[in-house]
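Structure file work-v7.txt (compact mmCIF, C-alpha atoms) follows.
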```txt
# COMPACT_ATOMS: atom_id res chain seq x y z
CA MET L 1 0.00 0.00 0.00
CA ALA L 2 2.82 2.43 0.86
CA ASP L 3 4.19 2.31 -2.68
CA ARG L 4 0.80 3.41 -4.02
CA MET L 5 0.91 6.70 -2.08
CA VAL L 6 2.92 8.77 -4.53
CA CYS L 7 0.96 12.06 -4.54
CA LEU L 8 -1.45 13.85 -2.24
CA ASP L 9 -4.49 12.84 -4.28
CA ASP L 10 -3.74 9.20 -3.42
CA PHE L 11 -4.32 9.94 0.26
CA GLU L 12 -7.60 11.68 -0.51
CA GLU L 13 -8.80 8.72 -2.54
CA TYR L 14 -7.96 6.36 0.32
CA ALA L 15 -9.70 8.56 2.90
CA MET L 16 -12.84 8.89 0.79
CA GLN L 17 -13.09 5.10 0.60
CA THR L 18 -12.49 4.41 4.30
CA LEU L 19 -13.79 7.24 6.48
CA PRO L 20 -17.34 7.05 7.88
CA ARG L 21 -19.76 9.25 5.96
CA ASN L 22 -20.24 11.73 8.81
CA ALA L 23 -16.49 12.41 9.01
CA ARG L 24 -15.76 12.07 5.29
CA ASP L 25 -18.39 14.63 4.29
CA TYR L 26 -17.37 17.00 7.07
CA TYR L 27 -13.73 17.04 5.99
CA ARG L 28 -14.20 17.26 2.25
CA SER L 29 -17.17 19.63 1.89
CA GLY L 30 -17.24 23.32 1.11
CA ALA L 31 -19.99 25.89 1.44
CA ASN L 32 -23.17 25.79 -0.64
CA ASP L 33 -22.46 24.92 -4.31
CA GLN L 34 -18.73 24.48 -3.59
CA GLN L 35 -17.71 26.84 -6.39
CA THR L 36 -14.82 28.22 -4.35
CA LEU L 37 -13.82 24.77 -3.17
CA GLN L 38 -13.12 23.75 -6.76
CA ASP L 39 -11.62 27.11 -7.70
CA ASN L 40 -9.09 26.97 -4.87
CA ARG L 41 -7.43 24.14 -6.77
CA ASP L 42 -8.18 25.21 -10.33
CA ALA L 43 -6.77 28.70 -9.81
CA PHE L 44 -3.23 27.37 -9.34
CA LYS L 45 -3.42 25.98 -12.87
CA ARG L 46 -4.08 29.47 -14.23
CA PHE L 47 -0.57 30.52 -13.25
CA ARG L 48 2.32 29.41 -15.46
CA LEU L 49 5.94 28.89 -14.42
CA CYS L 50 8.80 30.62 -16.25
CA PRO L 51 11.91 28.58 -15.37
CA ARG L 52 15.49 29.79 -15.61
CA MET L 53 18.11 27.43 -17.03
CA LEU L 54 21.77 26.60 -16.33
CA ARG L 55 21.71 27.79 -12.71
CA ASP L 56 23.64 24.96 -10.95
CA VAL L 57 20.80 23.48 -8.92
CA SER L 58 22.82 20.50 -7.72
CA GLU L 59 22.02 21.53 -4.14
CA ARG L 60 18.84 23.15 -2.84
CA ASN L 61 18.12 24.65 0.53
CA LEU L 62 14.44 24.76 1.54
CA HIS L 63 15.01 26.18 5.03
CA THR L 64 13.19 29.37 5.99
CA THR L 65 11.69 31.15 8.99
CA ILE L 66 8.18 32.17 10.02
CA GLN L 67 7.78 34.77 12.73
CA GLY L 68 11.53 34.55 13.20
CA LEU L 69 11.54 30.81 13.96
CA HIS L 70 13.18 28.14 11.81
CA ILE L 71 11.31 25.57 9.74
CA ASP L 72 12.95 23.06 7.40
CA PHE L 73 10.65 23.88 4.47
CA PRO L 74 7.88 26.46 3.86
CA ILE L 75 4.95 24.07 4.22
CA ALA L 76 3.09 23.99 7.54
CA ILE L 77 -0.09 22.46 8.93
CA ALA L 78 -3.25 24.56 8.94
CA PRO L 79 -5.80 24.41 11.76
CA THR L 80 -8.52 21.86 11.07
CA ALA L 81 -11.06 20.59 13.56
CA MET L 82 -11.70 17.25 15.20
CA HIS L 83 -8.83 15.09 13.94
CA ARG L 84 -9.83 12.08 16.03
CA MET L 85 -12.71 11.45 13.64
CA ALA L 86 -9.97 10.46 11.16
CA HIS L 87 -7.65 8.52 13.50
CA PRO L 88 -7.70 7.59 17.21
CA GLU L 89 -4.58 9.66 17.97
CA GLY L 90 -5.89 12.70 16.10
CA GLU L 91 -4.01 15.96 16.66
CA VAL L 92 -1.44 14.17 18.82
CA ALA L 93 -0.23 12.20 15.80
CA VAL L 94 -0.25 15.35 13.65
CA ALA L 95 1.81 17.29 16.21
CA ARG L 96 4.38 14.51 16.36
CA ALA L 97 4.59 14.42 12.57
CA ALA L 98 5.09 18.19 12.35
CA ALA L 99 7.79 18.13 15.02
CA SER L 100 9.54 15.21 13.30
CA MET L 101 9.52 17.10 9.99
CA LYS L 102 10.61 20.35 11.69
CA THR L 103 7.69 22.43 10.57
CA CYS L 104 4.81 24.26 12.22
CA MET L 105 1.45 22.89 13.32
CA VAL L 106 -1.53 25.12 14.11
CA LEU L 107 -3.87 23.51 16.64
CA SER L 108 -7.55 24.30 16.19
CA THR L 109 -9.56 25.62 19.11
CA ILE L 110 -12.22 23.02 18.30
CA ALA L 111 -9.78 20.14 18.39
CA THR L 112 -10.28 16.70 19.87
CA SER L 113 -6.89 16.96 21.61
CA SER L 114 -6.09 19.71 24.07
CA ILE L 115 -3.42 22.39 24.22
CA GLU L 116 -1.85 20.47 27.09
CA GLU L 117 -1.80 17.16 25.21
CA ILE L 118 -0.02 18.75 22.23
CA ALA L 119 2.55 20.43 24.47
CA GLU L 120 3.24 17.09 26.16
CA VAL L 121 3.80 15.03 22.99
CA ALA L 122 5.64 17.71 20.98
CA PRO L 123 7.41 19.89 23.58
CA GLY L 124 10.09 20.89 21.10
CA GLY L 125 7.69 21.42 18.21
CA LEU L 126 6.76 24.73 16.65
CA ASN L 127 3.13 24.89 17.72
CA TRP L 128 0.72 27.76 17.04
CA PHE L 129 -2.82 28.01 18.41
CA GLN L 130 -5.84 28.95 16.30
CA LEU L 131 -8.27 31.13 18.18
CA TYR L 132 -11.83 32.37 17.90
CA ILE L 133 -12.87 35.33 20.02
CA TYR L 134 -15.91 34.02 21.84
CA ARG L 135 -18.89 35.87 23.28
CA ASP L 136 -17.37 34.91 26.62
CA ARG L 137 -14.20 37.01 26.64
CA GLU L 138 -12.93 35.38 29.83
CA LEU L 139 -13.07 32.00 28.11
CA THR L 140 -11.06 33.50 25.23
CA LYS L 141 -8.47 34.85 27.67
CA GLN L 142 -8.21 31.46 29.39
CA LEU L 143 -7.44 29.75 26.07
CA VAL L 144 -4.77 32.34 25.27
CA ARG L 145 -3.13 31.99 28.67
CA ARG L 146 -3.06 28.21 28.35
CA ALA L 147 -1.39 28.49 24.94
CA GLU L 148 1.18 30.92 26.32
CA ARG L 149 1.84 28.77 29.37
CA HIS L 150 2.41 25.62 27.32
CA GLY L 151 4.93 27.00 24.90
CA PHE L 152 2.83 27.82 21.84
CA LYS L 153 4.63 30.43 19.74
CA ALA L 154 1.81 32.36 18.05
CA LEU L 155 -1.95 32.86 17.96
CA VAL L 156 -3.80 32.47 14.66
CA LEU L 157 -6.97 34.54 14.96
CA THR L 158 -9.69 33.43 12.55
CA VAL L 159 -11.62 36.53 11.41
CA ASP L 160 -13.89 35.10 8.69
CA THR L 161 -16.29 33.31 11.02
CA PRO L 162 -18.94 35.50 12.66
CA MET L 163 -20.92 32.30 12.18
CA PHE L 164 -20.26 29.10 10.24
CA GLY L 165 -21.11 28.88 6.55
CA ARG L 166 -23.75 26.48 5.28
CA ARG L 167 -22.28 23.15 4.28
CA LEU L 168 -24.96 21.09 2.63
CA ALA L 169 -23.43 17.70 3.36
CA ASP L 170 -23.32 18.44 7.09
CA THR L 171 -26.93 19.60 7.00
CA ARG L 172 -28.05 16.44 5.17
CA ASN L 173 -26.09 14.26 7.59
CA LYS L 174 -27.24 16.27 10.63
CA PHE L 175 -23.57 16.30 11.57
CA THR L 176 -22.71 15.42 15.16
CA LEU L 177 -19.46 14.69 16.92
CA PRO L 178 -19.17 10.93 17.54
CA PRO L 179 -20.19 10.18 21.16
CA HIS L 180 -16.76 8.95 22.25
CA LEU L 181 -15.10 12.25 21.29
CA ARG L 182 -15.07 15.69 22.89
CA MET L 183 -13.91 19.23 22.27
CA ALA L 184 -10.78 18.74 24.34
CA ASN L 185 -9.96 22.39 24.98
CA PHE L 186 -13.22 22.77 26.88
CA ASP L 187 -13.06 19.68 29.09
CA LYS L 188 -14.14 21.46 32.26
CA LEU L 189 -17.10 23.09 30.51
CA THR L 190 -19.51 20.26 29.72
CA PHE L 191 -21.68 22.06 27.16
CA LYS L 192 -18.70 23.50 25.32
CA SER L 193 -16.87 20.18 25.41
CA GLU L 194 -19.74 17.98 24.29
CA GLY L 195 -21.94 20.48 22.48
CA VAL L 196 -21.73 19.09 18.92
CA LYS L 197 -24.42 16.50 19.50
CA GLY L 198 -28.03 16.02 18.46
CA SER L 199 -29.28 18.56 15.94
CA ARG L 200 -32.06 19.44 13.53
CA GLU L 201 -29.44 20.39 10.93
CA SER L 202 -25.67 20.58 11.52
CA GLY L 203 -24.75 20.21 15.18
CA LEU L 204 -21.50 22.10 14.58
CA ASN L 205 -23.31 25.13 13.16
CA GLU L 206 -25.63 25.24 16.15
CA TYR L 207 -22.68 24.80 18.50
CA ALA L 208 -20.78 27.66 16.83
CA ALA L 209 -23.82 29.95 16.84
CA SER L 210 -24.08 29.56 20.61
CA LEU L 211 -20.44 30.51 21.21
CA PHE L 212 -19.19 32.78 18.40
CA ASP L 213 -19.60 36.55 18.55
CA PRO L 214 -20.96 38.04 15.30
CA SER L 215 -20.41 41.57 16.61
CA LEU L 216 -16.60 41.40 16.33
CA THR L 217 -14.72 44.32 14.75
CA TRP L 218 -11.08 45.16 14.11
CA ASN L 219 -11.02 46.66 17.61
CA ASP L 220 -11.19 43.12 18.95
CA VAL L 221 -7.88 42.35 17.25
CA LYS L 222 -6.42 45.31 19.13
CA TRP L 223 -7.99 43.96 22.33
CA LEU L 224 -6.25 40.62 21.81
CA LYS L 225 -2.93 42.30 21.07
CA LYS L 226 -3.08 44.22 24.34
CA PHE L 227 -3.08 41.21 26.63
CA THR L 228 -1.11 38.49 24.85
CA VAL L 229 2.66 38.22 24.65
CA LEU L 230 2.39 36.08 21.49
CA PRO L 231 2.43 37.24 17.87
CA VAL L 232 -1.08 37.49 16.43
CA ILE L 233 -1.60 36.13 12.91
CA VAL L 234 -4.88 37.22 11.30
CA LYS L 235 -6.39 34.41 9.24
CA GLY L 236 -9.15 34.94 6.68
CA VAL L 237 -8.02 38.00 4.70
CA LEU L 238 -8.88 38.15 0.98
CA THR L 239 -8.77 41.86 0.08
CA ASP L 240 -6.33 44.74 0.17
CA SER L 241 -8.60 46.78 2.44
CA ASP L 242 -8.77 44.03 5.07
CA ALA L 243 -5.00 43.59 4.83
CA VAL L 244 -4.60 47.28 5.66
CA HIS L 245 -7.05 46.94 8.58
CA ALA L 246 -5.11 43.93 9.88
CA ILE L 247 -1.83 45.86 9.80
CA ALA L 248 -3.43 48.87 11.49
CA SER L 249 -4.82 46.57 14.21
CA GLY L 250 -1.35 45.26 15.01
CA ALA L 251 -1.31 41.95 13.15
CA ASP L 252 2.10 40.28 13.10
CA GLY L 253 1.13 38.16 10.10
CA ILE L 254 -1.73 37.50 7.69
CA VAL L 255 -3.07 34.25 6.28
CA VAL L 256 -4.74 34.69 2.92
CA SER L 257 -7.52 32.18 3.44
CA ASN L 258 -11.16 31.50 2.57
CA HIS L 259 -11.47 28.92 5.35
CA GLY L 260 -10.98 26.03 2.96
CA ALA L 261 -13.96 27.36 0.94
CA ARG L 262 -16.22 26.48 3.87
CA GLN L 263 -17.63 29.94 4.65
CA LEU L 264 -18.88 32.21 1.84
CA ASP L 265 -19.13 30.45 -1.50
CA GLY L 266 -18.13 32.52 -4.53
CA VAL L 267 -15.18 34.35 -2.98
CA PRO L 268 -11.83 34.36 -4.81
CA ALA L 269 -9.46 31.45 -4.74
CA THR L 270 -6.69 32.25 -2.30
CA ILE L 271 -3.92 32.18 -4.91
CA ASP L 272 -5.89 34.78 -6.90
CA ALA L 273 -6.28 36.98 -3.81
CA LEU L 274 -2.65 36.68 -2.73
CA PRO L 275 -1.06 39.33 -5.04
CA GLU L 276 -3.56 41.99 -3.94
CA VAL L 277 -2.82 41.34 -0.27
CA ILE L 278 0.95 41.27 -0.82
CA LYS L 279 0.78 44.63 -2.58
CA ALA L 280 -1.26 46.18 0.24
CA VAL L 281 0.97 44.85 3.02
CA LYS L 282 4.14 46.35 1.48
CA GLY L 283 6.42 44.09 3.48
CA ARG L 284 5.10 45.21 6.88
CA CYS L 285 4.34 41.65 8.00
CA GLU L 286 4.66 38.11 6.72
CA VAL L 287 1.86 36.81 4.53
CA TYR L 288 0.94 33.13 4.33
CA LEU L 289 -1.57 31.23 2.20
CA ASP L 290 -3.83 28.23 2.63
CA GLY L 291 -6.44 26.63 0.38
CA GLY L 292 -6.06 24.33 -2.61
CA VAL L 293 -2.38 23.45 -2.19
CA ARG L 294 -1.82 19.91 -3.45
CA THR L 295 1.53 19.87 -5.28
CA GLY L 296 5.04 21.20 -5.01
CA THR L 297 4.41 23.50 -7.96
CA ASP L 298 1.42 24.96 -6.10
CA VAL L 299 3.78 25.80 -3.24
CA LEU L 300 6.34 27.27 -5.63
CA LYS L 301 3.73 29.51 -7.26
CA ALA L 302 2.49 30.79 -3.89
CA LEU L 303 6.04 31.58 -2.76
CA ALA L 304 6.79 33.34 -6.05
CA LEU L 305 3.70 35.51 -5.61
CA GLY L 306 4.92 36.60 -2.19
CA ALA L 307 3.79 34.09 0.43
CA SER L 308 6.32 33.37 3.19
CA ALA L 309 4.89 29.86 3.60
CA VAL L 310 1.81 27.81 2.78
CA PHE L 311 -0.43 25.86 5.14
CA ILE L 312 -2.22 22.65 4.22
CA GLY L 313 -5.37 21.28 5.85
CA ARG L 314 -7.32 18.51 4.14
CA PRO L 315 -4.22 16.61 2.88
CA VAL L 316 -3.05 16.30 6.49
CA ILE L 317 -6.41 14.83 7.52
CA TYR L 318 -6.23 12.35 4.65
CA GLY L 319 -2.68 11.34 5.58
CA LEU L 320 -3.84 10.91 9.17
CA ALA L 321 -6.70 8.68 8.05
CA TYR L 322 -4.26 6.58 6.03
CA LYS L 323 -1.69 5.78 8.69
CA GLY L 324 -1.68 8.21 11.61
CA GLN L 325 1.59 10.01 12.28
CA GLU L 326 3.37 8.06 9.56
CA GLY L 327 0.73 9.05 7.02
CA VAL L 328 1.00 12.74 7.90
CA GLN L 329 4.78 12.60 7.65
CA ARG L 330 4.49 10.96 4.24
CA VAL L 331 2.18 13.75 3.03
CA LEU L 332 4.70 16.35 4.17
CA GLU L 333 7.62 14.42 2.67
CA ILE L 334 5.93 14.16 -0.72
CA LEU L 335 5.10 17.85 -0.83
CA LYS L 336 8.59 18.80 0.35
CA ASP L 337 10.23 16.58 -2.29
CA GLU L 338 7.94 17.95 -5.00
CA LEU L 339 8.85 21.51 -4.02
CA SER L 340 12.56 20.69 -4.09
CA LEU L 341 12.22 19.18 -7.56
CA ALA L 342 10.14 22.11 -8.82
CA MET L 343 12.78 24.52 -7.51
CA ALA L 344 15.52 22.59 -9.32
CA LEU L 345 13.61 22.54 -12.59
CA SER L 346 12.89 26.26 -12.23
CA GLY L 347 16.49 27.26 -11.48
CA CYS L 348 16.03 28.10 -7.78
CA ARG L 349 18.61 26.96 -5.23
CA SER L 350 17.00 28.48 -2.16
CA ILE L 351 13.71 29.94 -0.99
CA GLY L 352 15.24 33.40 -1.36
CA GLU L 353 15.80 32.84 -5.07
CA ILE L 354 12.09 32.27 -5.73
CA GLN L 355 11.06 35.56 -7.32
CA LYS L 356 7.82 36.99 -8.73
CA SER L 357 9.26 36.74 -12.26
CA LEU L 358 8.98 32.95 -11.96
CA VAL L 359 5.19 33.01 -12.48
CA ILE L 360 2.85 34.62 -14.95
CA HIS L 361 -0.91 34.40 -15.29
CA GLU L 362 -2.19 32.41 -18.25
CA SER L 363 -4.07 35.49 -19.50
CA TYR L 364 -0.71 36.87 -20.66
CA TYR L 365 -0.42 34.06 -23.20
CA LEU L 366 -4.08 34.12 -24.15
CA SER L 367 -3.88 37.84 -24.89
CA ARG L 368 -1.13 37.19 -27.44
CA LEU L 369 -3.17 34.79 -29.55
```
Could I get this file's structure written as structure tokens?
Amino acid sequence: MADRMVCLDDFEEYAMQTLPRNARDYYRSGANDQQTLQDNRDAFKRFRLCPRMLRDVSERNLHTTIQGLHIDFPIAIAPTAMHRMAHPEGEVAVARAAASMKTCMVLSTIATSSIEEIAEVAPGGLNWFQLYIYRDRELTKQLVRRAERHGFKALVLTVDTPMFGRRLADTRNKFTLPPHLRMANFDKLTFKSEGVKGSRESGLNEYAASLFDPSLTWNDVKWLKKFTVLPVIVKGVLTDSDAVHAIASGADGIVVSNHGARQLDGVPATIDALPEVIKAVKGRCEVYLDGGVRTGTDVLKALALGASAVFIGRPVIYGLAYKGQEGVQRVLEILKDELSLAMALSGCRSIGEIQKSLVIHESYYLSRL
């Protein structure tokens, strides 16, 4: 079986065949008609690579930094919820894989493993914590303090979720968290820990509606910055105006993200939105990208357009479903190897040599016909 896993799509195919419907549909679905879900992947194909030849690429160095901290390659793990639906070890296995590969993992607030569990199994890992600002601000502060206390290195504040988008598969399935699992970061709060249960539609949507604060503004980013010692990365930016707001609110980084196409259907693919955000930021903070990344050339294109690193979500879940920690490591290894090869074939010996001139939109060629 191991020899059959030669690209990230192989892991997805395996997961689709083996995961229970409730989990499978939750992980793979996007919002409404899933237009953006498809476009997140298709948009990468609209950018063409312009390689440079005879550059002595006998050795390549993929090392880089994010928020001043070293990672071995510019591919990290995005926050995704409820990993134990895919594998019994869930986020614990993912954290070990990330630490083994010397890259970053972002733990979701609505994880099935806690901040403390991740700190225990990957004490030397580069762990970030994804945060929602809840109606209950004291609860939000408690989560931040726990992340700080247990060695997490940054907060990733999701700003595109005043409420959850409508995911038709979850509604049809009346999605609920399997009874043996819990929201581990809320263990001492029974409703918040076990709230994704019986439902008329999607239990997760009802759960989120009870906790999330739809009245949030950019002032709440400033509020978070005032009391945490950690860098704050704002996740969910798609426009130049929001990039400027994020900078003005004190953001230490921005993730160009449409929440895996799970919020508002019809928004731009993240790779299409990236150049606009990069231009607005003007080098004042690092910019990352998630959404639709499946190959090393996808990573290369994102880096050439200005991203400091990319984050992957669904492929990690599919690797986890395949073989736990080993499966996640294999996903990361494949993507890392593909990036190294793409760099060699493009004439790039290091991450610093990946320049904007390496990519061009397909419209340039179409306009010349």
Proximity check segment 68-173 of chain L to segment 303-319 of chain L, 6 Å, nearest pairs one decimal Å, all atoms listed in the file, as CSV:
```
residue,atom,partner,partner_atom,distance
L:Pro74,CA,L:Ala309,CA,4.5
L:Ile75,CA,L:Val310,CA,5.1
L:Ala76,CA,L:Phe311,CA,4.7
L:Ile77,CA,L:Phe311,CA,5.1
L:Ala78,CA,L:Phe311,CA,4.9
```
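When the distance limit is 10 Å and only C-alpha atoms are what count, the residues near Ala122 of chain L, minus those fewer than 3 positions from it on the same chain, are Val92, Ala93, Val94, Ala95, Arg96, Ala97, Ala98, Ala99, Ser100, Glu117, Ile118, Ala119, Gly125, Leu126 and Asn127 of chain L.
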Mind listing as a PyMOL selection string all residues within 9 Å of (5.4, 27.1, -6.1), counting all atoms listed in the file?
chain L and resi 49+295-305+339+342-343+354+359
Restricting the calculation to all atoms listed in the file: of L:His180, L:Arg21, L:Arg262, L:Arg55, which residue gets closest to Gln35 of chain L?
L:Arg262
Give the centre and edge lengths of an axis-aligned box, in Å to one decimal, that holds all listed atoms of segment 158-161 of chain L with 4 Å on each side, as JSON.
```
{"center_x": -13.0, "center_y": 34.9, "center_z": 10.6, "size_x": 14.6, "size_y": 11.2, "size_z": 11.9}
```
From atom CA of Pro162 of chain L to atom CA of Trp223 of chain L the spacing works out at 16.9 Å
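Shortest atom-to-atom contact with Ile278 of chain L among L:Val244, L:Val6, L:Leu143, L:Ile110: L:Val244, counting all atoms listed in the file.
Taking atom CA of Thr64 of chain L as the reference point, atom CA of Ile334 of chain L is found at 18.1 Å.
Residue nearest Asp337 of chain L within the list L:Arg145, L:Arg60, L:Arg28, L:Lys282: L:Arg60 [criterion: smallest interatomic distance, only C-alpha atoms].
For Gln263 of chain L, the residues within 8 Å (counting all atoms listed in the file, excluding itself and residues fewer than 3 positions away along the chain) are Gly30, Ala31, Asp160, Thr161, Phe164, Gly165, Arg166, Asn258, His259 and Gly260 of chain L.
The spacing separating atom CA of Arg52 of chain L from atom CA of Gly347 of chain L amounts to 4.9 Å.
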Reconstruct segment 252-261 of chain L at the level of all heavy atoms, and format the result as a compact mmCIF listing (two decimals), in the frame of the given file.
```txt
# COMPACT_ATOMS: atom_id res chain seq x y z
N ASP L 252 0.71 40.64 13.35
CA ASP L 252 2.10 40.28 13.10
C ASP L 252 2.24 39.42 11.85
O ASP L 252 3.36 39.16 11.40
CB ASP L 252 2.65 39.51 14.31
CG ASP L 252 2.61 40.35 15.58
OD1 ASP L 252 3.42 41.28 15.70
OD2 ASP L 252 1.75 40.08 16.44
N GLY L 253 1.14 38.95 11.31
CA GLY L 253 1.13 38.16 10.10
C GLY L 253 -0.28 38.04 9.59
O GLY L 253 -1.25 38.32 10.32
N ILE L 254 -0.42 37.66 8.33
CA ILE L 254 -1.73 37.50 7.69
C ILE L 254 -1.75 36.17 6.97
O ILE L 254 -0.77 35.82 6.29
CB ILE L 254 -1.99 38.64 6.69
CG1 ILE L 254 -2.23 39.97 7.43
CG2 ILE L 254 -3.16 38.33 5.76
CD1 ILE L 254 -2.28 41.18 6.52
N VAL L 255 -2.84 35.44 7.10
CA VAL L 255 -3.07 34.25 6.28
C VAL L 255 -4.14 34.58 5.26
O VAL L 255 -5.29 34.88 5.62
CB VAL L 255 -3.52 33.03 7.11
CG1 VAL L 255 -3.62 31.79 6.20
CG2 VAL L 255 -2.54 32.75 8.24
N VAL L 256 -3.76 34.56 3.99
CA VAL L 256 -4.74 34.69 2.92
C VAL L 256 -5.49 33.36 2.87
O VAL L 256 -4.93 32.32 2.53
CB VAL L 256 -4.07 35.01 1.58
CG1 VAL L 256 -5.10 35.05 0.46
CG2 VAL L 256 -3.31 36.32 1.66
N SER L 257 -6.76 33.41 3.23
CA SER L 257 -7.52 32.18 3.44
C SER L 257 -9.00 32.43 3.21
O SER L 257 -9.51 33.51 3.57
CB SER L 257 -7.30 31.66 4.86
OG SER L 257 -8.14 30.57 5.16
N ASN L 258 -9.69 31.47 2.63
CA ASN L 258 -11.16 31.50 2.57
C ASN L 258 -11.75 30.36 3.38
O ASN L 258 -12.83 29.86 3.09
CB ASN L 258 -11.68 31.51 1.13
CG ASN L 258 -11.09 30.39 0.27
OD1 ASN L 258 -10.89 29.27 0.74
ND2 ASN L 258 -10.81 30.69 -0.99
N HIS L 259 -10.99 29.94 4.41
CA HIS L 259 -11.47 28.92 5.35
C HIS L 259 -11.71 27.58 4.63
O HIS L 259 -12.69 26.87 4.91
CB HIS L 259 -12.75 29.38 6.04
CG HIS L 259 -12.93 28.85 7.44
ND1 HIS L 259 -12.79 29.63 8.56
CD2 HIS L 259 -13.25 27.61 7.89
CE1 HIS L 259 -13.02 28.89 9.64
NE2 HIS L 259 -13.30 27.65 9.25
N GLY L 260 -10.81 27.27 3.70
CA GLY L 260 -10.98 26.03 2.96
C GLY L 260 -12.25 26.01 2.13
O GLY L 260 -12.82 24.94 1.86
N ALA L 261 -12.72 27.21 1.72
CA ALA L 261 -13.96 27.36 0.94
C ALA L 261 -15.18 26.88 1.71
O ALA L 261 -16.17 26.46 1.11
CB ALA L 261 -13.84 26.64 -0.40
```
